[in-house]
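Engineer: My structure file query.txt, compact mmCIF, C-alpha atoms, is below:
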# COMPACT_ATOMS: atom_id res chain seq x y z
CA ALA A 1 1.78 20.75 -2.70
CA GLN A 2 -1.85 19.99 -1.83
CA GLY A 3 -1.22 16.31 -2.54
CA ALA A 4 1.12 16.19 0.47
CA PHE A 5 -1.56 17.13 3.01
CA ARG A 6 -5.00 16.66 1.47
CA GLY A 7 -6.26 13.14 2.14
CA ASN A 8 -9.12 11.05 0.79
CA LEU A 9 -10.91 11.10 4.12
CA ALA A 10 -14.59 10.76 3.27
CA PHE A 11 -14.33 7.76 0.95
CA ILE A 12 -11.29 5.86 2.21
CA GLY A 13 -10.76 7.08 5.78
CA VAL A 14 -14.33 6.58 6.97
CA ALA A 15 -14.57 3.23 5.16
CA VAL A 16 -11.43 1.96 6.93
CA LEU A 17 -12.68 3.16 10.31
CA THR A 18 -15.99 1.38 9.74
CA GLU A 19 -14.24 -1.90 8.95
CA LEU A 20 -11.87 -1.60 11.91
CA ALA A 21 -14.74 -0.86 14.29
CA GLU A 22 -16.35 -4.24 13.66
CA GLY A 23 -15.63 -6.50 16.62
CA ALA A 24 -13.59 -3.85 18.44
CA GLN A 25 -13.78 -3.34 22.20
CA TRP A 26 -15.57 -0.02 21.81
CA LEU A 27 -19.02 0.39 20.32
CA PRO A 28 -19.03 -0.50 16.58
CA MET A 29 -19.94 2.95 15.30
CA THR A 30 -17.98 5.09 17.77
CA CYS A 31 -14.82 5.37 15.67
CA THR A 32 -16.79 5.97 12.49
CA ASP A 33 -18.88 8.67 14.16
CA ARG A 34 -15.79 10.42 15.50
CA GLY A 35 -14.15 10.21 12.10
CA VAL A 36 -17.20 11.70 10.38
CA LEU A 37 -17.41 14.49 12.95
CA SER A 38 -13.73 15.24 12.37
CA LEU A 39 -14.40 15.67 8.65
CA GLY A 40 -16.64 18.63 9.42
CA ILE A 41 -13.55 20.52 10.55
CA ILE A 42 -10.80 18.93 8.47
CA VAL A 43 -12.43 19.03 5.02
CA PRO A 44 -13.20 22.79 5.02
CA ALA A 45 -9.70 23.48 6.35
CA TYR A 46 -8.13 21.27 3.65
CA ASN A 47 -10.09 22.98 0.90
CA ALA A 48 -9.36 26.50 2.10
CA LEU A 49 -5.66 25.64 2.37
CA ALA A 50 -5.65 23.93 -1.04
CA VAL A 51 -7.23 26.96 -2.73
CA THR A 52 -4.70 29.22 -1.01
CA VAL A 53 -1.76 27.05 -2.09
CA LEU A 54 -2.92 26.77 -5.70
CA SER A 55 -3.67 30.49 -5.89
CA ALA A 56 -0.27 31.35 -4.44
CA ALA A 57 1.40 29.11 -7.01
CA GLY A 58 -0.39 31.01 -9.73
CA ALA A 59 0.40 34.41 -8.20
CA THR A 60 -3.32 35.14 -7.77
CA ARG A 61 -4.34 38.30 -5.92
CA SER A 62 -5.52 38.00 -2.31
CA LEU A 63 -9.03 39.22 -3.11
CA HIS A 64 -9.41 36.66 -5.88
CA THR A 65 -8.08 33.93 -3.57
CA ALA A 66 -10.64 34.87 -0.91
CA LYS A 67 -13.39 34.74 -3.53
CA ARG A 68 -12.30 31.27 -4.64
CA ILE A 69 -12.29 30.03 -1.05
CA ALA A 70 -15.75 31.48 -0.41
CA THR A 71 -17.20 29.90 -3.57
CA ASN A 72 -15.48 26.52 -3.27
CA PRO A 73 -18.18 23.82 -3.80
CA LEU A 74 -16.83 21.50 -1.09
CA LEU A 75 -16.72 24.32 1.44
CA LEU A 76 -20.24 25.41 0.52
CA GLY A 77 -21.41 21.80 0.74
CA ALA A 78 -19.90 21.34 4.20
CA LEU A 79 -21.40 24.62 5.39
CA SER A 80 -24.82 23.67 4.01
CA GLY A 81 -24.61 20.32 5.79
CA PHE A 82 -23.83 22.01 9.11
CA ILE A 83 -26.75 24.41 8.71
CA LEU A 84 -29.19 21.64 7.85
CA ARG A 85 -27.90 19.48 10.70
CA PHE A 86 -28.30 22.19 13.32
CA ALA A 87 -31.71 23.05 11.88
CA ASN A 88 -32.62 19.40 12.53
CA TRP A 89 -33.85 19.02 8.95
CA SER A 90 -33.49 15.83 6.96
CA PRO A 91 -34.69 15.25 3.40
CA SER A 92 -37.23 12.57 2.60
CA PRO A 93 -36.10 9.08 1.52
CA PHE A 94 -37.42 9.91 -1.93
CA VAL A 95 -34.72 12.59 -2.21
CA MET A 96 -31.98 10.84 -0.23
CA ARG A 97 -31.96 7.56 -2.15
CA PRO A 98 -30.96 9.07 -5.53
CA LEU A 99 -28.37 11.24 -3.75
CA GLU A 100 -26.89 8.19 -2.02
CA LEU A 101 -26.63 6.35 -5.34
CA LEU A 102 -24.97 9.38 -6.91
CA ALA A 103 -22.56 9.74 -3.98
CA ALA A 104 -21.56 6.07 -4.29
CA THR A 105 -20.18 6.77 -7.77
CA ALA A 106 -18.08 9.77 -6.71
CA LEU A 107 -14.89 7.93 -5.72
CA PRO A 108 -14.86 5.41 -8.63
CA LEU A 109 -15.50 8.17 -11.17
CA GLY A 110 -12.89 10.39 -9.59
CA LEU A 111 -10.27 7.64 -9.63
CA ILE A 112 -11.14 6.72 -13.23
CA SER A 113 -10.84 10.36 -14.27
CA SER A 114 -7.55 10.76 -12.43
CA GLY A 115 -6.17 7.44 -13.67
CA ALA A 116 -7.15 8.17 -17.25
CA SER A 117 -4.98 11.28 -17.17
CA VAL A 118 -1.88 9.34 -16.11
CA ARG A 119 0.43 8.95 -19.09
CA LEU A 120 2.95 6.15 -19.46
CA THR A 121 5.46 8.37 -21.23
CA GLY A 122 8.09 9.66 -18.83
CA LEU A 123 6.61 7.59 -16.05
CA ARG A 124 9.89 7.19 -14.16
CA ALA A 125 10.53 10.95 -14.09
CA ARG A 126 6.99 11.68 -12.95
CA LEU A 127 7.26 9.00 -10.28
CA MET A 128 10.37 10.70 -8.94
CA ASN A 129 8.58 14.07 -8.95
CA ALA A 130 5.63 12.58 -7.06
CA ALA A 131 7.81 10.66 -4.58
CA THR A 132 8.28 13.58 -2.17
CA PRO A 133 4.59 14.53 -1.72
CA VAL A 134 3.62 10.84 -1.55
CA ALA A 135 6.25 10.23 1.16
CA LEU A 136 5.06 13.30 3.07
CA LYS A 137 1.46 12.06 2.87
CA LEU A 138 1.97 8.38 3.71
CA LEU A 139 5.06 8.53 5.95
CA LEU A 140 5.52 11.92 7.60
CA SER A 141 1.85 12.71 8.13
CA PRO A 142 1.09 9.49 10.10
CA MET A 143 4.32 9.94 12.09
CA ILE A 144 3.24 13.43 13.13
CA ALA A 145 -0.27 12.14 13.88
CA LEU A 146 1.04 9.41 16.20
CA PHE A 147 3.38 11.88 17.89
CA VAL A 148 0.53 14.31 18.53
CA ALA A 149 -1.72 11.47 19.72
CA GLU A 150 0.96 10.40 22.19
CA LEU A 151 1.51 14.00 23.27
CA LEU A 152 -2.21 14.40 23.96
CA SER A 153 -2.38 10.97 25.65
CA LEU A 154 -4.99 9.70 23.19
CA SER A 155 -5.75 6.00 23.25
CA GLY A 156 -7.94 3.36 21.66
CA CYS A 157 -10.48 4.73 19.22
CA ASP A 158 -9.19 8.32 19.26
CA ARG A 159 -5.66 7.26 18.38
CA GLN A 160 -6.97 5.03 15.61
CA VAL A 161 -9.07 7.83 14.09
CA VAL A 162 -6.09 10.19 14.08
CA LEU A 163 -3.80 7.63 12.44
CA VAL A 164 -6.25 6.41 9.79
CA LEU A 165 -7.23 9.92 8.68
CA ALA A 166 -3.62 11.07 8.59
CA ALA A 167 -2.49 8.06 6.55
CA CYS A 168 -5.13 8.32 3.82
CA PRO A 169 -3.87 8.68 0.22
CA SER A 170 -4.14 11.99 -1.60
CA ALA A 171 -7.70 13.12 -2.31
CA VAL A 172 -9.20 12.73 -5.78
CA ALA A 173 -10.68 16.23 -5.37
CA GLY A 174 -7.13 17.55 -5.60
CA PHE A 175 -6.96 16.60 -9.28
CA ILE A 176 -10.30 18.24 -10.01
CA MET A 177 -9.36 21.42 -8.18
CA ALA A 178 -5.94 21.59 -9.86
CA GLU A 179 -7.61 21.26 -13.25
CA GLN A 180 -10.21 23.93 -12.48
CA MET A 181 -7.63 26.40 -11.18
CA GLY A 182 -5.19 25.95 -14.04
CA ALA A 183 -2.53 24.22 -11.93
CA ASP A 184 -0.49 21.13 -12.88
CA ALA A 185 -3.33 18.60 -13.07
CA GLN A 186 -0.99 15.93 -14.46
CA HIS A 187 1.25 16.17 -11.40
CA ALA A 188 -1.78 16.09 -9.12
CA SER A 189 -3.03 12.99 -10.93
CA ASP A 190 0.34 11.27 -10.53
CA ILE A 191 0.39 11.97 -6.79
CA ILE A 192 -3.14 10.57 -6.38
CA ALA A 193 -2.41 7.44 -8.42
CA PHE A 194 0.93 6.62 -6.77
CA SER A 195 -0.25 7.42 -3.23
CA THR A 196 -3.37 5.26 -3.68
CA ILE A 197 -1.27 2.33 -4.89
CA ALA A 198 1.25 2.72 -2.07
CA TRP A 199 -1.46 3.27 0.53
CA PHE A 200 -2.51 -0.39 0.83
CA PRO A 201 0.79 -1.74 2.23
CA MET A 202 1.52 1.50 4.11
CA MET A 203 -1.80 1.54 5.97
CA SER A 204 -1.38 -2.11 6.93
CA GLY A 205 2.07 -1.34 8.25
CA TRP A 206 0.92 1.65 10.28
CA LEU A 207 -1.98 -0.25 11.83
CA TYR A 208 0.29 -3.17 12.72
CA LEU A 209 2.85 -0.78 14.23
CA MET A 210 0.17 0.87 16.31
CA THR A 211 -0.97 -2.45 17.74
CA VAL A 212 2.62 -3.41 18.58
CA LEU A 213 3.65 -0.10 20.14
CA PHE A 214 0.40 0.79 21.86
Just give me the structure as structure tokens.

Structural biologist:
Amino acid sequence: AQGAFRGNLAFIGVAVLTELAEGAQWLPMTCTDRGVLSLGIIVPAYNALAVTVLSAAGATRSLHTAKRIATNPLLLGALSGFILRFANWSPSPFVMRPLELLAATALPLGLISSGASVRLTGLRARLMNAATPVALKLLLSPMIALFVAELLSLSGCDRQVVLVLAACPSAVAGFIMAEQMGADAQHASDIIAFSTIAWFPMMSGWLYLMTVLF
């Protein structure tokens, strides 16, 4: 279920916004900045919801679910980042450089780990099982995003941020979390792999449609 709503925002969404901002009518970093600021709200919400969904699927008690949400590494990381940002503290380049190099490997390693778990046996059946969450993520989610953007009279950069973040493929972290919580990691891996493959033509189509309609 988490594969239908949890997107790869930090690695794919922000990267797409950065590329689209080059040569745009607005300032080059405006869309990227707005996208990054949005992650501060969306990522914790995604993780809390994902833990709740996975715990509910495993019939976990409410107290245990709350404990898992409170100790989720991504939630703790986001909270730590907010605290450090508002404290106006930034680490030295000596610390940041190794962290940046480590962060650059996160998406490739996550995709390799997820892809390595995809088995060729029964591929057609697993593709059918993953079709619904992939369609919800790449088709329904952007449709709802554009509808809400139109309802709120968003335009330009704001509309683009909403669409790009909504149309991102399923997050690699979903596979890791499913594995840690004893859920169906194979199914999560299938959703990530198939949604990432389908994302390239789908994102192009959504961006083209947005330029035509708006």

Engineer: Let me make sure I understand: among A:Leu163, A:Ile191, A:Arg34, A:Glu150, which one has the smallest atom-to-atom distance to Ala178 (chain A) if we use only C-alpha atoms?

Structural biologist: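 Using only C-alpha atoms, Ala178 (chain A) sits closest to A:Ile191.
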
Engineer: Mind checking which residues fall within 6 Å of region 171-176 of chain A, counting all atoms listed in the file, ignoring those fewer than 3 positions away in the same chain, and posting them as a list in words?

Structural biologist: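 What passes the distance filter is Arg6, Gly7, Asn8, Gly110, Glu179, Ala185, Ala188 and Ser189 of chain A.
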
Engineer: Which is closer to Gly3 (chain A) than all the others in A:Thr71, A:Ser153, A:Thr132, A:Gln180, using only C-alpha atoms?

Structural biologist: A:Thr132

Engineer: Pick out the closest residue to Leu136 (chain A) from this set: A:Ala4, A:Val16, A:Ala78, A:Met96. Count only C-alpha atoms.

Structural biologist: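 Result for the nearest residue to Leu136 (chain A): A:Ala4.
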
Engineer: With only C-alpha atoms as the basis for distance, which of A:Leu207, A:Ala131, A:Ile112, A:Leu140 is at the shortest distance from Gln160 (chain A)?

Structural biologist: A:Leu207

Engineer: Between A:Cys31, A:Ser195, A:Val212, A:Val164, which one has atoms that come closest to Leu9 (chain A), using only C-alpha atoms?

Structural biologist: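 The shortest atom-to-atom distance to Leu9 (chain A) comes from A:Val164.
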
Engineer: Tell me, in Å to one decimal, how far CA of Val36 (chain A) is from CA of Gln2 (chain A).

Structural biologist: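 CA of Gln2 (chain A) lies 21.3 Å from CA of Val36 (chain A).
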
Engineer: Separation of CA of Ala145 (chain A) and CA of Asp190 (chain A), in Å?

Structural biologist: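 Straight-line distance from CA of Ala145 (chain A) to CA of Asp190 (chain A) works out to 24.4 Å.
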
Engineer: By how many Å are CA of Ala166 (chain A) and CA of Ser141 (chain A) apart?

Structural biologist: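 According to the coordinates, CA of Ala166 (chain A) and CA of Ser141 (chain A) are separated by 5.7 Å.
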
Engineer: Have a look at A:Leu75, A:Leu109, A:Leu127, A:Cys168 and name the one nearest to His187 (chain A); count all atoms listed in the file.

Structural biologist: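 Among the listed residues, the smallest separation from His187 (chain A) belongs to A:Leu127.
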
Engineer: Within 12 Å of Ala198 (chain A), counting only C-alpha atoms, which residues qualify if same-chain residues fewer than 6 places away don't, as a list in words?

Structural biologist: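 Once the nearby chain positions are removed, what remains is Leu127, Ala130, Ala131, Val134, Ala135, Lys137, Leu138, Leu139, Ala167, Cys168, Pro169, Ser170, Ile191, Ile192, Ser204 and Gly205 of chain A.
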
Engineer: Take region 120-134 of chain A, bring it up to N, CA, C and O atoms, and give me the output as an mmCIF file, in the coordinates of the input.

Structural biologist:
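Writing done, so here's result_22.cif:
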data_model
loop_
_atom_site.group_PDB
_atom_site.id
_atom_site.type_symbol
_atom_site.label_atom_id
_atom_site.label_comp_id
_atom_site.auth_asym_id
_atom_site.auth_seq_id
_atom_site.Cartn_x
_atom_site.Cartn_y
_atom_site.Cartn_z
ATOM 1 N N LEU A 120 1.838 7.076 -19.655
ATOM 2 C CA LEU A 120 2.950 6.150 -19.460
ATOM 3 C C LEU A 120 4.276 6.743 -19.899
ATOM 4 O O LEU A 120 5.335 6.301 -19.462
ATOM 5 N N THR A 121 4.222 7.748 -20.775
ATOM 6 C CA THR A 121 5.460 8.370 -21.230
ATOM 7 C C THR A 121 6.087 9.166 -20.096
ATOM 8 O O THR A 121 5.426 9.941 -19.411
ATOM 9 N N GLY A 122 7.383 8.964 -19.897
ATOM 10 C CA GLY A 122 8.090 9.660 -18.830
ATOM 11 C C GLY A 122 7.632 9.278 -17.451
ATOM 12 O O GLY A 122 7.684 10.091 -16.523
ATOM 13 N N LEU A 123 7.180 8.030 -17.313
ATOM 14 C CA LEU A 123 6.610 7.590 -16.050
ATOM 15 C C LEU A 123 7.629 7.626 -14.917
ATOM 16 O O LEU A 123 7.312 8.023 -13.802
ATOM 17 N N ARG A 124 8.859 7.225 -15.216
ATOM 18 C CA ARG A 124 9.890 7.190 -14.160
ATOM 19 C C ARG A 124 10.164 8.598 -13.631
ATOM 20 O O ARG A 124 10.267 8.794 -12.409
ATOM 21 N N ALA A 125 10.269 9.570 -14.520
ATOM 22 C CA ALA A 125 10.530 10.950 -14.090
ATOM 23 C C ALA A 125 9.372 11.486 -13.262
ATOM 24 O O ALA A 125 9.571 12.173 -12.245
ATOM 25 N N ARG A 126 8.147 11.191 -13.680
ATOM 26 C CA ARG A 126 6.990 11.680 -12.950
ATOM 27 C C ARG A 126 6.861 10.990 -11.605
ATOM 28 O O ARG A 126 6.410 11.589 -10.622
ATOM 29 N N LEU A 127 7.265 9.721 -11.554
ATOM 30 C CA LEU A 127 7.260 9.000 -10.280
ATOM 31 C C LEU A 127 8.237 9.638 -9.302
ATOM 32 O O LEU A 127 7.925 9.785 -8.113
ATOM 33 N N MET A 128 9.382 10.039 -9.798
ATOM 34 C CA MET A 128 10.370 10.700 -8.940
ATOM 35 C C MET A 128 9.830 12.052 -8.453
ATOM 36 O O MET A 128 10.042 12.431 -7.294
ATOM 37 N N ASN A 129 9.142 12.780 -9.337
ATOM 38 C CA ASN A 129 8.580 14.070 -8.950
ATOM 39 C C ASN A 129 7.474 13.916 -7.899
ATOM 40 O O ASN A 129 7.294 14.781 -7.039
ATOM 41 N N ALA A 130 6.731 12.804 -7.996
ATOM 42 C CA ALA A 130 5.630 12.580 -7.060
ATOM 43 C C ALA A 130 6.086 11.915 -5.769
ATOM 44 O O ALA A 130 5.320 11.858 -4.802
ATOM 45 N N ALA A 131 7.328 11.432 -5.733
ATOM 46 C CA ALA A 131 7.810 10.660 -4.580
ATOM 47 C C ALA A 131 7.797 11.491 -3.297
ATOM 48 O O ALA A 131 7.401 10.994 -2.233
ATOM 49 N N THR A 132 8.205 12.750 -3.380
ATOM 50 C CA THR A 132 8.280 13.580 -2.170
ATOM 51 C C THR A 132 6.893 13.834 -1.567
ATOM 52 O O THR A 132 6.694 13.571 -0.374
ATOM 53 N N PRO A 133 5.912 14.339 -2.333
ATOM 54 C CA PRO A 133 4.590 14.530 -1.720
ATOM 55 C C PRO A 133 3.944 13.222 -1.258
ATOM 56 O O PRO A 133 3.237 13.207 -0.242
ATOM 57 N N VAL A 134 4.179 12.125 -1.976
ATOM 58 C CA VAL A 134 3.620 10.840 -1.550
ATOM 59 C C VAL A 134 4.250 10.406 -0.222
ATOM 60 O O VAL A 134 3.558 9.928 0.688
#
